[in-house]
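As provided, my_file_39.cif (mmCIF, C-alpha atoms and all ligand atoms) reads as follows.
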```cif
data_structure
#
loop_
_atom_site.group_PDB
_atom_site.id
_atom_site.type_symbol
_atom_site.label_atom_id
_atom_site.label_comp_id
_atom_site.auth_asym_id
_atom_site.auth_seq_id
_atom_site.Cartn_x
_atom_site.Cartn_y
_atom_site.Cartn_z
ATOM 1 C CA MET C 1 -39.036 122.829 -165.472
ATOM 2 C CA THR C 2 -41.450 125.725 -165.468
ATOM 3 C CA GLN C 3 -40.098 128.893 -166.992
ATOM 4 C CA GLN C 4 -42.041 131.675 -165.452
ATOM 5 C CA THR C 5 -41.953 135.303 -166.419
ATOM 6 C CA VAL C 6 -43.423 137.472 -163.736
ATOM 7 C CA ALA C 7 -42.447 140.871 -164.998
ATOM 8 C CA ARG C 8 -40.232 142.395 -167.610
ATOM 9 C CA SER C 9 -38.523 145.718 -167.518
ATOM 10 C CA GLU C 10 -36.674 148.036 -169.826
ATOM 11 C CA ALA C 11 -34.183 148.332 -166.993
ATOM 12 C CA ALA C 12 -33.195 144.665 -167.143
ATOM 13 C CA PRO C 13 -29.467 144.457 -167.767
ATOM 14 C CA ASP C 14 -28.347 143.644 -171.262
ATOM 15 C CA HIS C 15 -26.001 140.714 -171.170
ATOM 16 C CA GLY C 16 -25.341 140.974 -174.868
ATOM 17 C CA GLY C 17 -25.990 137.267 -175.075
ATOM 18 C CA ALA C 18 -22.689 136.581 -173.304
ATOM 19 C CA VAL C 19 -22.833 133.596 -171.010
ATOM 20 C CA GLY C 20 -21.096 133.949 -167.664
ATOM 21 C CA LEU C 21 -21.869 130.470 -166.364
ATOM 22 C CA ARG C 22 -23.595 127.542 -167.990
ATOM 23 C CA VAL C 23 -24.658 124.277 -166.420
ATOM 24 C CA SER C 24 -26.106 121.576 -168.683
ATOM 25 C CA GLY C 25 -27.691 118.284 -167.684
ATOM 26 C CA MET C 26 -25.882 118.397 -164.382
ATOM 27 C CA ASP C 27 -26.396 115.728 -161.700
ATOM 28 C CA LYS C 28 -24.562 115.623 -158.414
ATOM 29 C CA ILE C 29 -24.508 112.485 -156.317
ATOM 30 C CA TYR C 30 -22.510 112.208 -153.095
ATOM 31 C CA PRO C 31 -21.204 108.707 -152.531
ATOM 32 C CA THR C 32 -21.384 108.020 -148.798
ATOM 33 C CA ARG C 33 -20.810 104.949 -146.643
ATOM 34 C CA ARG C 34 -24.545 104.607 -146.268
ATOM 35 C CA GLY C 35 -25.238 104.855 -149.975
ATOM 36 C CA ARG C 36 -25.571 107.507 -152.612
ATOM 37 C CA VAL C 37 -27.095 110.866 -151.796
ATOM 38 C CA GLU C 38 -28.636 112.368 -154.892
ATOM 39 C CA ALA C 39 -28.277 116.097 -154.246
ATOM 40 C CA LEU C 40 -29.022 117.585 -157.692
ATOM 41 C CA ARG C 41 -30.698 116.190 -160.788
ATOM 42 C CA GLY C 42 -30.805 117.495 -164.349
ATOM 43 C CA ILE C 43 -29.793 121.084 -163.692
ATOM 44 C CA ASP C 44 -29.806 123.287 -166.816
ATOM 45 C CA LEU C 45 -29.011 126.916 -166.186
ATOM 46 C CA ASP C 46 -27.477 129.731 -168.221
ATOM 47 C CA ILE C 47 -26.368 132.778 -166.308
ATOM 48 C CA GLY C 48 -25.545 135.867 -168.342
ATOM 49 C CA ARG C 49 -22.338 137.784 -167.914
ATOM 50 C CA GLY C 50 -23.005 140.484 -165.329
ATOM 51 C CA GLU C 51 -26.304 138.953 -164.330
ATOM 52 C CA PHE C 52 -27.364 138.644 -160.683
ATOM 53 C CA VAL C 53 -29.081 135.328 -159.968
ATOM 54 C CA SER C 54 -30.500 134.399 -156.564
ATOM 55 C CA LEU C 55 -30.863 130.755 -155.634
ATOM 56 C CA VAL C 56 -33.593 129.816 -153.157
ATOM 57 C CA GLY C 57 -35.140 126.623 -151.839
ATOM 58 C CA ARG C 58 -35.648 124.662 -148.667
ATOM 59 C CA SER C 59 -32.783 123.658 -146.473
ATOM 60 C CA GLY C 60 -31.040 120.611 -147.913
ATOM 61 C CA CYS C 61 -32.334 121.112 -151.465
ATOM 62 C CA GLY C 62 -28.827 121.459 -152.882
ATOM 63 C CA LYS C 63 -28.144 125.204 -153.025
ATOM 64 C CA THR C 64 -24.682 124.930 -151.514
ATOM 65 C CA THR C 65 -23.942 121.913 -153.690
ATOM 66 C CA LEU C 66 -24.893 123.848 -156.828
ATOM 67 C CA LEU C 67 -22.736 126.775 -155.764
ATOM 68 C CA ARG C 68 -19.796 124.471 -155.070
ATOM 69 C CA VAL C 69 -20.160 122.808 -158.453
ATOM 70 C CA LEU C 70 -20.368 126.255 -160.101
ATOM 71 C CA SER C 71 -17.240 127.328 -158.245
ATOM 72 C CA GLY C 72 -15.211 124.359 -159.439
ATOM 73 C CA LEU C 73 -14.739 123.112 -155.859
ATOM 74 C CA LEU C 74 -16.808 120.012 -156.579
ATOM 75 C CA PRO C 75 -16.967 118.015 -159.828
ATOM 76 C CA PRO C 76 -20.421 117.247 -161.215
ATOM 77 C CA THR C 77 -21.395 113.564 -161.364
ATOM 78 C CA ALA C 78 -22.885 114.095 -164.828
ATOM 79 C CA GLY C 79 -23.314 116.994 -167.207
ATOM 80 C CA THR C 80 -21.119 119.987 -167.890
ATOM 81 C CA VAL C 81 -20.213 123.297 -166.302
ATOM 82 C CA GLU C 82 -18.822 126.182 -168.344
ATOM 83 C CA ALA C 83 -17.388 129.476 -167.138
ATOM 84 C CA GLY C 84 -16.990 132.242 -169.711
ATOM 85 C CA GLY C 85 -17.494 129.681 -172.480
ATOM 86 C CA ARG C 86 -14.766 127.310 -171.198
ATOM 87 C CA PRO C 87 -15.552 123.900 -169.750
ATOM 88 C CA VAL C 88 -14.490 123.842 -166.097
ATOM 89 C CA TRP C 89 -13.939 120.066 -166.128
ATOM 90 C CA VAL C 90 -12.119 118.287 -168.915
ATOM 91 C CA ASP C 91 -11.754 114.496 -168.674
ATOM 92 C CA GLY C 92 -12.480 114.683 -164.975
ATOM 93 C CA ARG C 93 -9.763 117.279 -164.405
ATOM 94 C CA ARG C 94 -10.402 120.848 -163.495
ATOM 95 C CA ASP C 95 -9.255 123.549 -165.883
ATOM 96 C CA ASP C 96 -7.992 126.083 -163.378
ATOM 97 C CA ALA C 97 -7.959 128.890 -165.944
ATOM 98 C CA ALA C 98 -11.716 128.559 -166.445
ATOM 99 C CA PHE C 99 -12.502 129.826 -162.987
ATOM 100 C CA ALA C 100 -9.356 131.724 -162.065
ATOM 101 C CA SER C 101 -11.338 134.914 -161.638
ATOM 102 C CA PHE C 102 -13.949 133.629 -159.190
ATOM 103 C CA GLY C 103 -14.628 135.217 -155.815
ATOM 104 C CA LEU C 104 -16.311 133.226 -153.062
ATOM 105 C CA VAL C 105 -18.132 134.459 -149.966
ATOM 106 C CA PHE C 106 -19.626 132.133 -147.351
ATOM 107 C CA GLN C 107 -21.874 132.579 -144.345
ATOM 108 C CA GLU C 108 -18.861 132.816 -142.064
ATOM 109 C CA ALA C 109 -16.338 135.485 -142.963
ATOM 110 C CA ASN C 110 -13.414 133.092 -142.285
ATOM 111 C CA LEU C 111 -10.901 135.874 -141.728
ATOM 112 C CA PHE C 112 -7.493 135.126 -140.255
ATOM 113 C CA PRO C 113 -7.707 136.459 -136.687
ATOM 114 C CA TRP C 114 -4.018 137.336 -136.508
ATOM 115 C CA PHE C 115 -4.087 139.407 -139.716
ATOM 116 C CA SER C 116 -5.323 143.003 -139.866
ATOM 117 C CA ILE C 117 -8.332 143.711 -142.077
ATOM 118 C CA THR C 118 -6.025 145.091 -144.773
ATOM 119 C CA ASP C 119 -3.872 141.974 -144.703
ATOM 120 C CA ASN C 120 -6.924 139.715 -144.840
ATOM 121 C CA VAL C 121 -8.350 141.612 -147.804
ATOM 122 C CA ALA C 122 -4.960 141.658 -149.536
ATOM 123 C CA LEU C 123 -4.284 137.954 -149.013
ATOM 124 C CA PRO C 124 -5.402 136.827 -152.498
ATOM 125 C CA LEU C 125 -3.088 139.475 -153.984
ATOM 126 C CA LYS C 126 -0.217 138.230 -151.846
ATOM 127 C CA LEU C 127 -0.850 134.691 -153.074
ATOM 128 C CA ARG C 128 -0.721 136.095 -156.587
ATOM 129 C CA GLY C 129 2.699 137.570 -155.872
ATOM 130 C CA GLU C 130 1.805 141.279 -155.927
ATOM 131 C CA SER C 131 4.145 143.672 -154.172
ATOM 132 C CA THR C 132 3.354 144.776 -150.621
ATOM 133 C CA SER C 133 2.759 148.395 -151.597
ATOM 134 C CA SER C 134 0.433 147.641 -154.489
ATOM 135 C CA ARG C 135 -1.642 145.127 -152.552
ATOM 136 C CA ARG C 136 -1.927 147.434 -149.527
ATOM 137 C CA ALA C 137 -3.143 150.223 -151.783
ATOM 138 C CA ARG C 138 -5.692 147.959 -153.447
ATOM 139 C CA ALA C 139 -6.863 146.604 -150.078
ATOM 140 C CA ARG C 140 -7.448 150.142 -148.801
ATOM 141 C CA GLU C 141 -9.444 150.977 -151.905
ATOM 142 C CA LEU C 142 -11.567 147.844 -151.410
ATOM 143 C CA CYS C 143 -12.106 148.637 -147.735
ATOM 144 C CA GLY C 144 -13.450 152.005 -148.834
ATOM 145 C CA MET C 145 -15.723 150.364 -151.366
ATOM 146 C CA VAL C 146 -17.338 148.111 -148.751
ATOM 147 C CA GLY C 147 -17.599 150.815 -146.081
ATOM 148 C CA LEU C 148 -14.652 149.796 -143.913
ATOM 149 C CA SER C 149 -12.584 152.964 -144.229
ATOM 150 C CA GLY C 150 -10.904 153.680 -140.908
ATOM 151 C CA PHE C 151 -10.834 150.002 -139.941
ATOM 152 C CA GLU C 152 -7.992 148.912 -142.202
ATOM 153 C CA ASP C 153 -5.632 148.302 -139.312
ATOM 154 C CA SER C 154 -8.215 146.690 -137.027
ATOM 155 C CA TYR C 155 -8.307 142.964 -136.343
ATOM 156 C CA PRO C 156 -11.335 140.778 -137.105
ATOM 157 C CA ARG C 157 -12.278 140.414 -133.408
ATOM 158 C CA GLU C 158 -12.602 144.203 -133.177
ATOM 159 C CA LEU C 159 -15.310 144.303 -135.859
ATOM 160 C CA SER C 160 -19.021 143.467 -135.799
ATOM 161 C CA GLY C 161 -20.390 140.505 -137.760
ATOM 162 C CA GLY C 162 -21.565 142.788 -140.558
ATOM 163 C CA MET C 163 -18.168 144.427 -140.806
ATOM 164 C CA ARG C 164 -16.411 141.081 -140.929
ATOM 165 C CA GLN C 165 -18.715 140.031 -143.756
ATOM 166 C CA ARG C 166 -17.845 143.244 -145.577
ATOM 167 C CA ALA C 167 -14.182 142.374 -145.212
ATOM 168 C CA ALA C 168 -14.892 138.921 -146.651
ATOM 169 C CA ILE C 169 -16.607 140.556 -149.621
ATOM 170 C CA ALA C 170 -13.689 142.949 -150.090
ATOM 171 C CA ARG C 171 -11.300 139.974 -150.051
ATOM 172 C CA ALA C 172 -13.429 138.189 -152.644
ATOM 173 C CA LEU C 173 -13.294 141.313 -154.812
ATOM 174 C CA ALA C 174 -9.516 141.671 -154.495
ATOM 175 C CA CYS C 175 -8.742 139.764 -157.681
ATOM 176 C CA ASP C 176 -11.405 141.618 -159.705
ATOM 177 C CA PRO C 177 -13.555 138.516 -160.048
ATOM 178 C CA SER C 178 -15.732 138.162 -163.099
ATOM 179 C CA VAL C 179 -17.916 135.794 -161.059
ATOM 180 C CA LEU C 180 -18.913 136.228 -157.433
ATOM 181 C CA LEU C 181 -20.470 133.206 -155.708
ATOM 182 C CA MET C 182 -22.107 133.922 -152.370
ATOM 183 C CA ASP C 183 -23.571 131.289 -150.031
ATOM 184 C CA GLU C 184 -25.969 132.885 -147.514
ATOM 185 C CA PRO C 185 -23.416 135.628 -146.859
ATOM 186 C CA PHE C 186 -25.793 137.696 -144.710
ATOM 187 C CA GLY C 187 -27.574 134.791 -143.016
ATOM 188 C CA ALA C 188 -25.980 135.457 -139.644
ATOM 189 C CA LEU C 189 -26.627 139.217 -139.605
ATOM 190 C CA ASP C 190 -29.414 141.144 -137.919
ATOM 191 C CA ALA C 191 -32.215 142.480 -140.130
ATOM 192 C CA LEU C 192 -31.074 146.107 -140.232
ATOM 193 C CA THR C 193 -27.486 145.237 -141.061
ATOM 194 C CA ARG C 194 -28.738 142.848 -143.690
ATOM 195 C CA ASP C 195 -30.802 145.577 -145.380
ATOM 196 C CA ARG C 196 -27.729 147.801 -145.492
ATOM 197 C CA MET C 197 -25.581 145.008 -146.875
ATOM 198 C CA ASN C 198 -28.155 144.343 -149.589
ATOM 199 C CA LEU C 199 -28.049 147.981 -150.702
ATOM 200 C CA GLU C 200 -24.263 147.895 -150.706
ATOM 201 C CA LEU C 201 -24.071 144.618 -152.557
ATOM 202 C CA GLN C 202 -26.318 146.100 -155.222
ATOM 203 C CA GLU C 203 -23.848 148.962 -155.635
ATOM 204 C CA ILE C 204 -20.872 146.626 -155.689
ATOM 205 C CA HIS C 205 -22.560 144.529 -158.352
ATOM 206 C CA ALA C 206 -23.296 147.596 -160.472
ATOM 207 C CA ALA C 207 -19.760 148.937 -160.075
ATOM 208 C CA SER C 208 -17.905 145.670 -160.644
ATOM 209 C CA GLY C 209 -20.067 144.246 -163.422
ATOM 210 C CA ALA C 210 -19.458 140.787 -161.961
ATOM 211 C CA THR C 211 -21.781 137.860 -162.542
ATOM 212 C CA VAL C 212 -23.267 137.018 -159.141
ATOM 213 C CA VAL C 213 -24.887 133.830 -157.878
ATOM 214 C CA PHE C 214 -26.372 134.480 -154.452
ATOM 215 C CA VAL C 215 -27.811 131.759 -152.217
ATOM 216 C CA THR C 216 -30.282 132.855 -149.571
ATOM 217 C CA HIS C 217 -33.077 131.551 -147.339
ATOM 218 C CA SER C 218 -34.866 134.867 -147.616
ATOM 219 C CA ILE C 219 -37.219 135.285 -150.542
ATOM 220 C CA PRO C 220 -37.477 139.090 -150.133
ATOM 221 C CA GLU C 221 -33.684 139.317 -150.121
ATOM 222 C CA ALA C 222 -33.481 137.083 -153.205
ATOM 223 C CA VAL C 223 -35.993 139.221 -155.101
ATOM 224 C CA PHE C 224 -34.521 142.524 -153.956
ATOM 225 C CA LEU C 225 -31.103 141.693 -155.336
ATOM 226 C CA ALA C 226 -31.718 139.558 -158.384
ATOM 227 C CA ASP C 227 -32.332 139.828 -162.078
ATOM 228 C CA ARG C 228 -33.697 136.280 -161.839
ATOM 229 C CA VAL C 229 -34.624 134.031 -158.938
ATOM 230 C CA VAL C 230 -34.049 130.299 -159.356
ATOM 231 C CA LEU C 231 -36.164 128.104 -157.068
ATOM 232 C CA LEU C 232 -34.954 124.556 -156.396
ATOM 233 C CA THR C 233 -37.202 121.651 -155.387
ATOM 234 C CA PRO C 234 -36.431 119.498 -152.333
ATOM 235 C CA ARG C 235 -33.962 116.653 -152.794
ATOM 236 C CA PRO C 236 -32.981 115.811 -155.326
ATOM 237 C CA GLY C 237 -32.751 119.477 -156.194
ATOM 238 C CA ARG C 238 -34.195 120.289 -159.576
ATOM 239 C CA ILE C 239 -35.034 123.702 -160.989
ATOM 240 C CA ARG C 240 -38.651 124.257 -160.185
ATOM 241 C CA SER C 241 -38.954 127.761 -161.612
ATOM 242 C CA VAL C 242 -36.993 130.711 -162.889
ATOM 243 C CA THR C 243 -38.574 134.077 -162.118
ATOM 244 C CA GLU C 244 -37.570 137.216 -163.960
ATOM 245 C CA VAL C 245 -37.636 140.062 -161.436
ATOM 246 C CA GLY C 246 -37.508 143.014 -163.823
ATOM 247 C CA LEU C 247 -37.873 145.753 -161.171
ATOM 248 C CA ALA C 248 -36.056 148.972 -162.083
ATOM 249 C CA ARG C 249 -32.571 149.556 -160.656
ATOM 250 C CA PRO C 250 -31.170 150.916 -158.496
ATOM 251 C CA ARG C 251 -33.586 149.435 -155.991
ATOM 252 C CA SER C 252 -34.198 151.050 -152.625
ATOM 253 C CA MET C 253 -36.033 150.166 -149.450
ATOM 254 C CA GLU C 254 -39.127 151.667 -151.103
ATOM 255 C CA THR C 255 -38.902 148.994 -153.769
ATOM 256 C CA GLU C 256 -39.934 146.471 -151.122
ATOM 257 C CA THR C 257 -43.187 148.274 -150.414
ATOM 258 C CA GLY C 258 -44.167 148.314 -154.088
ATOM 259 C CA ALA C 259 -46.880 146.040 -155.461
ATOM 260 C CA GLY C 260 -44.560 144.578 -158.102
ATOM 261 C CA PHE C 261 -42.042 143.447 -155.515
ATOM 262 C CA GLN C 262 -44.680 142.019 -153.214
ATOM 263 C CA ASP C 263 -46.396 140.094 -156.023
ATOM 264 C CA ILE C 264 -43.158 138.354 -156.903
ATOM 265 C CA VAL C 265 -42.390 137.521 -153.265
ATOM 266 C CA ARG C 266 -45.922 136.165 -152.744
ATOM 267 C CA GLY C 267 -45.708 134.025 -155.870
ATOM 268 C CA LEU C 268 -42.412 132.494 -154.815
ATOM 269 C CA ARG C 269 -43.650 131.863 -151.259
ATOM 270 C CA ARG C 270 -46.683 130.076 -152.659
ATOM 271 C CA GLU C 271 -44.470 127.855 -154.776
ATOM 272 C CA LEU C 272 -42.325 126.988 -151.778
ATOM 273 C CA ASP C 273 -45.402 126.209 -149.673
ATOM 274 C CA GLU C 274 -46.795 123.897 -152.333
ATOM 275 C CA GLU C 275 -43.813 121.660 -151.753
ATOM 276 C CA SER C 276 -44.336 121.014 -148.070
HETATM 277 N N1 LIG J 1 -20.387 115.997 -148.504
HETATM 278 C C1 LIG J 1 -21.614 115.464 -148.519
HETATM 279 N N2 LIG J 1 -21.790 114.122 -148.426
HETATM 280 C C2 LIG J 1 -23.013 113.580 -148.452
HETATM 281 N N3 LIG J 1 -24.155 114.283 -148.559
HETATM 282 C C3 LIG J 1 -24.055 115.615 -148.638
HETATM 283 C C4 LIG J 1 -22.784 116.282 -148.619
HETATM 284 N N4 LIG J 1 -23.003 117.615 -148.723
HETATM 285 C C5 LIG J 1 -24.337 117.777 -148.789
HETATM 286 N N5 LIG J 1 -24.970 116.578 -148.746
HETATM 287 C C6 LIG J 1 -26.418 116.351 -148.848
HETATM 288 O O1 LIG J 1 -26.848 116.878 -150.096
HETATM 289 C C7 LIG J 1 -28.085 117.556 -149.926
HETATM 290 C C8 LIG J 1 -27.942 119.003 -150.364
HETATM 291 O O2 LIG J 1 -27.110 119.675 -149.436
HETATM 292 P P1 LIG J 1 -26.765 121.226 -149.571
HETATM 293 O O3 LIG J 1 -26.260 121.470 -150.936
HETATM 294 O O4 LIG J 1 -25.890 121.578 -148.444
HETATM 295 O O5 LIG J 1 -28.214 121.916 -149.403
HETATM 296 P P2 LIG J 1 -28.615 123.418 -149.018
HETATM 297 O O6 LIG J 1 -27.414 124.272 -149.172
HETATM 298 O O7 LIG J 1 -29.722 123.762 -149.977
HETATM 299 O O8 LIG J 1 -29.116 123.391 -147.618
HETATM 300 C C9 LIG J 1 -28.479 117.404 -148.470
HETATM 301 O O9 LIG J 1 -29.360 116.333 -148.360
HETATM 302 C C10 LIG J 1 -27.170 117.119 -147.782
HETATM 303 O O10 LIG J 1 -27.372 116.334 -146.645
HETATM 304 MG MG MG J 2 -26.430 125.552 -147.846
#
```
Represent the structure from my file as structure tokens, please.
Amino acid sequence: MTQQTVARSEAAPDHGGAVGLRVSGMDKIYPTRRGRVEALRGIDLDIGRGEFVSLVGRSGCGKTTLLRVLSGLLPPTAGTVEAGGRPVWVDGRRDDAAFASFGLVFQEANLFPWFSITDNVALPLKLRGESTSSRRARARELCGMVGLSGFEDSYPRELSGGMRQRAAIARALACDPSVLLMDEPFGALDALTRDRMNLELQEIHAASGATVVFVTHSIPEAVFLADRVVLLTPRPGRIRSVTEVGLARPRSMETETGAGFQDIVRGLRRELDEES
């Protein structure tokens, strides 16, 4: 694995050495009827508490698999996964407490069409047994945070794709997650909406202090958002490089026109091209 430091900055967040997520010697093999599919091999990755890590790589290189292993949805074939210092898997069984405070966001918003936006956002609180009044109040607050004020009583079909994705983010934030795992959440959005969502996600990250792992196809998006960008090789996915972004925060659309930003993007594109 090449550890690459492109730029450092005084503005880099201080994680105080606290580890949010740790993966050690992790392999993931899918047993299928036609044989074993080796999706990930020898993944070692420490993600600091509050850190924002983007995960990039070609289609099929194992990004979703890594996110699913990190989220506790999928057991690793070998190696260990820790969340907040606790092993997620013990003797092949998942320790639910280790990842109780995880929020997940996928490419599709997956909202319940027959629930209002408020009720969708409040669903995790309902499952946790919170009272109707307290979860409604929290859902309204979250709608405000993601720019959905005024749409609390709307239904998913009445919202644009970007707005539905915002609702999905609000729902993921409902339980105050310490870890937010996002799999190409803006992949289906138009470019302008995506830029806006990136700015908003940056604010949400700063405000919530959550550890974020963000999968994307877009290298500029990965660099814009991240403290570090992890590049995976094609199957089996291995960590090819870890790039420290180090650009000052908060970042704006001007950041993308800066030489520092463009150098990092160019370097990562070159690495990706070398693989094809
Ligand atoms: N449930 C599964 N069973 C068998 N193979 C799978 C399964 N899920 C993913 N794969 C394979 O594992 C590899 C990595 O997939 P994935 O993690 O979805 O990649 P990415 O998200 O980077 O596109 C791919 O070759 C894919 O076909
Ligand atoms: Mg994927």
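Going from CA of Val213 in chain C to CA of Val53 in chain C covers 4.9 Å.
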Point out the residue among C:Thr193, C:Thr233, C:Thr65, C:Ser241 with the least atom-to-atom distance to Met26 in chain C, counting all atoms listed in the file.
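Of all the options, C:Thr65 lies closest to Met26 in chain C.
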Just so the selection is clear, what residues does the PyMOL selection byres (((chain C and resi 103-106) around 6) and not hetatm) cover here, as a compact mmCIF listing (two decimals) with C-alpha atoms, in the coordinates of the input?
```txt
# COMPACT_ATOMS: atom_id res chain seq x y z
CA PHE C 102 -13.95 133.63 -159.19
CA GLN C 107 -21.87 132.58 -144.34
CA GLU C 108 -18.86 132.82 -142.06
CA ALA C 172 -13.43 138.19 -152.64
CA PRO C 177 -13.56 138.52 -160.05
CA LEU C 180 -18.91 136.23 -157.43
CA LEU C 181 -20.47 133.21 -155.71
CA MET C 182 -22.11 133.92 -152.37
CA ASP C 183 -23.57 131.29 -150.03
CA PRO C 185 -23.42 135.63 -146.86
```
When the PyMOL selection byres (((chain C and resi 164) around 10) and not hetatm) is applied to the structure above, which residues does it catch, written out as a VMD selection string?
chain C and resid 108 to 111 117 148 155 to 163 165 to 170
Ligand MG 2 (chain J): which residues are within 12 Å, counting all atoms listed in the file? Reply as a list in words.
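Using all atoms listed in the file, everything at most 12 Å from ligand MG 2 (chain J) comes to Ala39, Leu55, Val56, Gly57, Arg58, Ser59, Gly60, Cys61, Gly62, Lys63, Thr64, Thr65, Leu66, Leu67, Arg68, Phe106, Gln107, Glu108, Met182, Asp183, Glu184, Pro185, Gly187, Phe214, Val215, Thr216 and His217 of chain C.
At a cut-off of 7 Å from (-23.4, 140.2, -164.8), the residue set is His15, Gly48, Arg49, Gly50, Glu51, Phe52, Gly209, Ala210, Thr211 and Val212 of chain C (counting only C-alpha atoms).
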Which of C:Leu173, C:Val179, C:Val121, C:Leu70 sits closest to ligand LIG 1 (chain J) [using all atoms listed in the file]:
C:Leu70
Can you work out which one of C:Arg36, C:Arg228, C:Arg171, C:Arg138 has the shortest atom-to-atom distance to ligand LIG 1 (chain J), counting all atoms listed in the file?
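Using all atoms listed in the file, ligand LIG 1 (chain J) sits closest to C:Arg36.
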